[in-house]
file my_file-v8.pdb (PDB, C-alpha atoms)
ATOM      1  CA  MET A   1       0.000   0.000   0.000  1.00  0.00           C
ATOM      2  CA  THR A   2       1.148   3.485  -0.745  1.00  0.00           C
ATOM      3  CA  SER A   3       1.396   5.685   2.322  1.00  0.00           C
ATOM      4  CA  LEU A   4      -1.773   7.564   3.153  1.00  0.00           C
ATOM      5  CA  SER A   5      -1.758  11.248   2.391  1.00  0.00           C
ATOM      6  CA  THR A   6      -2.206  13.887   5.051  1.00  0.00           C
ATOM      7  CA  GLU A   7      -5.673  14.563   3.655  1.00  0.00           C
ATOM      8  CA  GLN A   8      -6.635  10.871   3.927  1.00  0.00           C
ATOM      9  CA  LEU A   9      -5.336  10.684   7.496  1.00  0.00           C
ATOM     10  CA  ASN A  10      -7.316  13.835   8.328  1.00  0.00           C
ATOM     11  CA  TRP A  11     -10.506  12.219   6.994  1.00  0.00           C
ATOM     12  CA  ILE A  12      -9.907   9.128   9.130  1.00  0.00           C
ATOM     13  CA  ALA A  13      -9.399  11.394  12.156  1.00  0.00           C
ATOM     14  CA  ARG A  14     -12.710  13.126  11.381  1.00  0.00           C
ATOM     15  CA  TYR A  15     -14.493   9.767  11.415  1.00  0.00           C
ATOM     16  CA  ALA A  16     -12.799   9.036  14.767  1.00  0.00           C
ATOM     17  CA  ALA A  17     -13.884  12.335  16.360  1.00  0.00           C
ATOM     18  CA  PRO A  18     -17.434  11.332  17.391  1.00  0.00           C
ATOM     19  CA  LEU A  19     -16.228   8.101  19.007  1.00  0.00           C
ATOM     20  CA  MET A  20     -15.479   7.685  22.673  1.00  0.00           C
ATOM     21  CA  PRO A  21     -11.922   8.975  23.280  1.00  0.00           C
ATOM     22  CA  ALA A  22     -10.721   5.562  24.462  1.00  0.00           C
ATOM     23  CA  ALA A  23     -11.820   3.959  21.173  1.00  0.00           C
ATOM     24  CA  ARG A  24     -10.282   6.445  18.744  1.00  0.00           C
ATOM     25  CA  ASP A  25      -6.788   4.955  18.499  1.00  0.00           C
ATOM     26  CA  ARG A  26      -8.174   1.427  18.008  1.00  0.00           C
ATOM     27  CA  PHE A  27     -10.542   2.759  15.340  1.00  0.00           C
ATOM     28  CA  ILE A  28      -7.743   4.503  13.435  1.00  0.00           C
ATOM     29  CA  GLU A  29      -5.568   1.382  13.610  1.00  0.00           C
ATOM     30  CA  ALA A  30      -8.457  -0.774  12.347  1.00  0.00           C
ATOM     31  CA  VAL A  31      -9.087   1.527   9.382  1.00  0.00           C
ATOM     32  CA  ILE A  32      -5.403   1.621   8.442  1.00  0.00           C
ATOM     33  CA  GLU A  33      -5.131  -2.178   8.703  1.00  0.00           C
ATOM     34  CA  ARG A  34      -8.096  -2.632   6.348  1.00  0.00           C
ATOM     35  CA  LEU A  35      -6.641  -0.146   3.884  1.00  0.00           C
ATOM     36  CA  LYS A  36      -3.231  -1.877   3.913  1.00  0.00           C
ATOM     37  CA  VAL A  37      -4.643  -5.028   2.325  1.00  0.00           C
ATOM     38  CA  MET A  38      -6.387  -3.064  -0.430  1.00  0.00           C
ATOM     39  CA  GLY A  39      -3.295  -1.727  -2.153  1.00  0.00           C
ATOM     40  CA  GLU A  40      -3.634   1.673  -3.805  1.00  0.00           C
ATOM     41  CA  VAL A  41      -6.634   3.538  -2.391  1.00  0.00           C
ATOM     42  CA  GLY A  42      -8.398   6.715  -3.371  1.00  0.00           C
ATOM     43  CA  PRO A  43     -10.507   9.117  -1.314  1.00  0.00           C
ATOM     44  CA  GLY A  44     -13.713   7.146  -1.880  1.00  0.00           C
ATOM     45  CA  THR A  45     -12.147   3.982  -0.518  1.00  0.00           C
ATOM     46  CA  VAL A  46     -10.883   5.776   2.577  1.00  0.00           C
ATOM     47  CA  HIS A  47     -14.354   7.183   3.277  1.00  0.00           C
ATOM     48  CA  ARG A  48     -16.113   3.853   2.687  1.00  0.00           C
ATOM     49  CA  VAL A  49     -13.740   1.864   4.892  1.00  0.00           C
ATOM     50  CA  ALA A  50     -13.777   4.495   7.658  1.00  0.00           C
ATOM     51  CA  ARG A  51     -17.586   4.572   7.611  1.00  0.00           C
ATOM     52  CA  GLU A  52     -17.817   0.752   7.725  1.00  0.00           C
ATOM     53  CA  VAL A  53     -15.336   0.472  10.586  1.00  0.00           C
ATOM     54  CA  GLN A  54     -16.961   3.391  12.432  1.00  0.00           C
ATOM     55  CA  ALA A  55     -20.276   1.519  12.473  1.00  0.00           C
ATOM     56  CA  ARG A  56     -18.635  -1.132  14.659  1.00  0.00           C
ATOM     57  CA  TYR A  57     -17.631   1.484  17.199  1.00  0.00           C
ATOM     58  CA  VAL A  58     -20.923   3.329  17.555  1.00  0.00           C
ATOM     59  CA  VAL A  59     -22.044   3.301  21.148  1.00  0.00           C
ATOM     60  CA  SER A  60     -25.717   2.943  21.859  1.00  0.00           C
ATOM     61  CA  ALA A  61     -27.583   5.724  23.639  1.00  0.00           C
ATOM     62  CA  ALA A  62     -27.708   3.516  26.742  1.00  0.00           C
ATOM     63  CA  GLY A  63     -23.906   3.440  26.825  1.00  0.00           C
ATOM     64  CA  LEU A  64     -23.750  -0.325  26.453  1.00  0.00           C
ATOM     65  CA  GLY A  65     -20.646  -0.283  24.281  1.00  0.00           C
ATOM     66  CA  PRO A  66     -19.880  -1.222  20.689  1.00  0.00           C
ATOM     67  CA  ARG A  67     -22.532  -2.997  18.678  1.00  0.00           C
ATOM     68  CA  HIS A  68     -19.927  -5.497  17.461  1.00  0.00           C
ATOM     69  CA  LYS A  69     -16.486  -6.460  18.573  1.00  0.00           C
ATOM     70  CA  PRO A  70     -13.933  -4.269  16.757  1.00  0.00           C
TER      71      PRO A  70
END

call {"tool": "encode", "arguments": {"input": "my_file-v8.pdb", "output": "structure tokens"}}
result
Amino acid sequence: MTSLSTEQLNWIARYAAPLMPAARDRFIEAVIERLKVMGEVGPGTVHRVAREVQARYVVSAAGLGPRHKP
């Protein structure tokens, strides 16, 4: 995989922002790991993968934790 651009890393950070602070680093690592296996990626791929991974980290309103194991 080609290194992610600053702009791509910024988009991943934006997807991490609404998550619980303790989950942000794990989220970013999970997104980067998924992108590594894809080879060359464009902006659309970064957004799609970040959105898919983010869905696993969404905490319910009751504060019960992630809907799925990350």

call {"tool": "closest_residue", "arguments": {"input": "my_file-v8.pdb", "among": "A:Leu9, A:Leu19, A:Ala55, A:Ala30", "to": "A:Gly42", "atoms": "only C-alpha atoms"}}
result
A:Leu9

call {"tool": "axis_aligned_box", "arguments": {"input": "my_file-v8.pdb", "around": "stretch 18-31 of chain A", "padding_each_side": "3 Å", "output": "AutoDock Vina command-line options"}}
result
--center_x -11.5 --center_y 5.3 --center_z 16.9 --size_x 17.9 --size_y 18.1 --size_z 21.1

call {"tool": "atom_distance", "arguments": {"input": "my_file-v8.pdb", "atom1": "atom CA of A:Val58", "atom2": "atom CA of A:Lys36"}}
result
22.9 Å

call {"tool": "atom_distance", "arguments": {"input": "my_file-v8.pdb", "atom1": "atom CA of A:Gln54", "atom2": "atom CA of A:Thr6"}}
result
19.6 Å

call {"tool": "atom_distance", "arguments": {"input": "my_file-v8.pdb", "atom1": "atom CA of A:Tyr15", "atom2": "atom CA of A:Ala50"}}
result
6.5 Å

call {"tool": "closest_residue", "arguments": {"input": "my_file-v8.pdb", "among": "A:Gly39, A:Glu29, A:Val46, A:Ala22", "to": "A:Glu7", "atoms": "all atoms listed in the file"}}
result
A:Val46

call {"tool": "resolve_selection", "arguments": {"input": "my_file-v8.pdb", "expression": "the PyMOL selection byres ((chain A and resi 27) around 12)", "output": "ChimeraX atom specification"}}
result
/A:12-26,28-34,49-58,66,69-70

call {"tool": "write_last_selection", "arguments": {"input": "my_file-v8.pdb", "atoms": "C-alpha atoms", "output": "PDB file, in the frame of the given file"}}
result
ATOM      1  CA  ILE A  12      -9.907   9.128   9.130  1.00  0.00           C
ATOM      2  CA  ALA A  13      -9.399  11.394  12.156  1.00  0.00           C
ATOM      3  CA  ARG A  14     -12.710  13.126  11.381  1.00  0.00           C
ATOM      4  CA  TYR A  15     -14.493   9.767  11.415  1.00  0.00           C
ATOM      5  CA  ALA A  16     -12.799   9.036  14.767  1.00  0.00           C
ATOM      6  CA  ALA A  17     -13.884  12.335  16.360  1.00  0.00           C
ATOM      7  CA  PRO A  18     -17.434  11.332  17.391  1.00  0.00           C
ATOM      8  CA  LEU A  19     -16.228   8.101  19.007  1.00  0.00           C
ATOM      9  CA  MET A  20     -15.479   7.685  22.673  1.00  0.00           C
ATOM     10  CA  PRO A  21     -11.922   8.975  23.280  1.00  0.00           C
ATOM     11  CA  ALA A  22     -10.721   5.562  24.462  1.00  0.00           C
ATOM     12  CA  ALA A  23     -11.820   3.959  21.173  1.00  0.00           C
ATOM     13  CA  ARG A  24     -10.282   6.445  18.744  1.00  0.00           C
ATOM     14  CA  ASP A  25      -6.788   4.955  18.499  1.00  0.00           C
ATOM     15  CA  ARG A  26      -8.174   1.427  18.008  1.00  0.00           C
ATOM     16  CA  ILE A  28      -7.743   4.503  13.435  1.00  0.00           C
ATOM     17  CA  GLU A  29      -5.568   1.382  13.610  1.00  0.00           C
ATOM     18  CA  ALA A  30      -8.457  -0.774  12.347  1.00  0.00           C
ATOM     19  CA  VAL A  31      -9.087   1.527   9.382  1.00  0.00           C
ATOM     20  CA  ILE A  32      -5.403   1.621   8.442  1.00  0.00           C
ATOM     21  CA  GLU A  33      -5.131  -2.178   8.703  1.00  0.00           C
ATOM     22  CA  ARG A  34      -8.096  -2.632   6.348  1.00  0.00           C
ATOM     23  CA  VAL A  49     -13.740   1.864   4.892  1.00  0.00           C
ATOM     24  CA  ALA A  50     -13.777   4.495   7.658  1.00  0.00           C
ATOM     25  CA  ARG A  51     -17.586   4.572   7.611  1.00  0.00           C
ATOM     26  CA  GLU A  52     -17.817   0.752   7.725  1.00  0.00           C
ATOM     27  CA  VAL A  53     -15.336   0.472  10.586  1.00  0.00           C
ATOM     28  CA  GLN A  54     -16.961   3.391  12.432  1.00  0.00           C
ATOM     29  CA  ALA A  55     -20.276   1.519  12.473  1.00  0.00           C
ATOM     30  CA  ARG A  56     -18.635  -1.132  14.659  1.00  0.00           C
ATOM     31  CA  TYR A  57     -17.631   1.484  17.199  1.00  0.00           C
ATOM     32  CA  VAL A  58     -20.923   3.329  17.555  1.00  0.00           C
ATOM     33  CA  PRO A  66     -19.880  -1.222  20.689  1.00  0.00           C
ATOM     34  CA  LYS A  69     -16.486  -6.460  18.573  1.00  0.00           C
ATOM     35  CA  PRO A  70     -13.933  -4.269  16.757  1.00  0.00           C
TER      36      PRO A  70
END

call {"tool": "resolve_selection", "arguments": {"input": "my_file-v8.pdb", "expression": "the PyMOL selection byres ((chain A and resi 43) around 10)", "output": "JSON, numbers by chain"}}
result
{"A": [4, 5, 7, 8, 11, 41, 42, 44, 45, 46, 47, 48]}

call {"tool": "decode", "arguments": {"input": "my_file-v8.pdb", "residues": "stretch 15-48 of chain A", "atoms": "C-alpha atoms", "output": "PDB file, in the first residue's frame"}}
result
ATOM      1  CA  TYR A  15     -14.493   9.767  11.415  1.00  0.00           C
ATOM      2  CA  ALA A  16     -12.799   9.036  14.767  1.00  0.00           C
ATOM      3  CA  ALA A  17     -13.884  12.335  16.360  1.00  0.00           C
ATOM      4  CA  PRO A  18     -17.434  11.332  17.391  1.00  0.00           C
ATOM      5  CA  LEU A  19     -16.228   8.101  19.007  1.00  0.00           C
ATOM      6  CA  MET A  20     -15.479   7.685  22.673  1.00  0.00           C
ATOM      7  CA  PRO A  21     -11.922   8.975  23.280  1.00  0.00           C
ATOM      8  CA  ALA A  22     -10.721   5.562  24.462  1.00  0.00           C
ATOM      9  CA  ALA A  23     -11.820   3.959  21.173  1.00  0.00           C
ATOM     10  CA  ARG A  24     -10.282   6.445  18.744  1.00  0.00           C
ATOM     11  CA  ASP A  25      -6.788   4.955  18.499  1.00  0.00           C
ATOM     12  CA  ARG A  26      -8.174   1.427  18.008  1.00  0.00           C
ATOM     13  CA  PHE A  27     -10.542   2.759  15.340  1.00  0.00           C
ATOM     14  CA  ILE A  28      -7.743   4.503  13.435  1.00  0.00           C
ATOM     15  CA  GLU A  29      -5.568   1.382  13.610  1.00  0.00           C
ATOM     16  CA  ALA A  30      -8.457  -0.774  12.347  1.00  0.00           C
ATOM     17  CA  VAL A  31      -9.087   1.527   9.382  1.00  0.00           C
ATOM     18  CA  ILE A  32      -5.403   1.621   8.442  1.00  0.00           C
ATOM     19  CA  GLU A  33      -5.131  -2.178   8.703  1.00  0.00           C
ATOM     20  CA  ARG A  34      -8.096  -2.632   6.348  1.00  0.00           C
ATOM     21  CA  LEU A  35      -6.641  -0.146   3.884  1.00  0.00           C
ATOM     22  CA  LYS A  36      -3.231  -1.877   3.913  1.00  0.00           C
ATOM     23  CA  VAL A  37      -4.643  -5.028   2.325  1.00  0.00           C
ATOM     24  CA  MET A  38      -6.387  -3.064  -0.430  1.00  0.00           C
ATOM     25  CA  GLY A  39      -3.295  -1.727  -2.153  1.00  0.00           C
ATOM     26  CA  GLU A  40      -3.634   1.673  -3.805  1.00  0.00           C
ATOM     27  CA  VAL A  41      -6.634   3.538  -2.391  1.00  0.00           C
ATOM     28  CA  GLY A  42      -8.398   6.715  -3.371  1.00  0.00           C
ATOM     29  CA  PRO A  43     -10.507   9.117  -1.314  1.00  0.00           C
ATOM     30  CA  GLY A  44     -13.713   7.146  -1.880  1.00  0.00           C
ATOM     31  CA  THR A  45     -12.147   3.982  -0.518  1.00  0.00           C
ATOM     32  CA  VAL A  46     -10.883   5.776   2.577  1.00  0.00           C
ATOM     33  CA  HIS A  47     -14.354   7.183   3.277  1.00  0.00           C
ATOM     34  CA  ARG A  48     -16.113   3.853   2.687  1.00  0.00           C
TER      35      ARG A  48
END
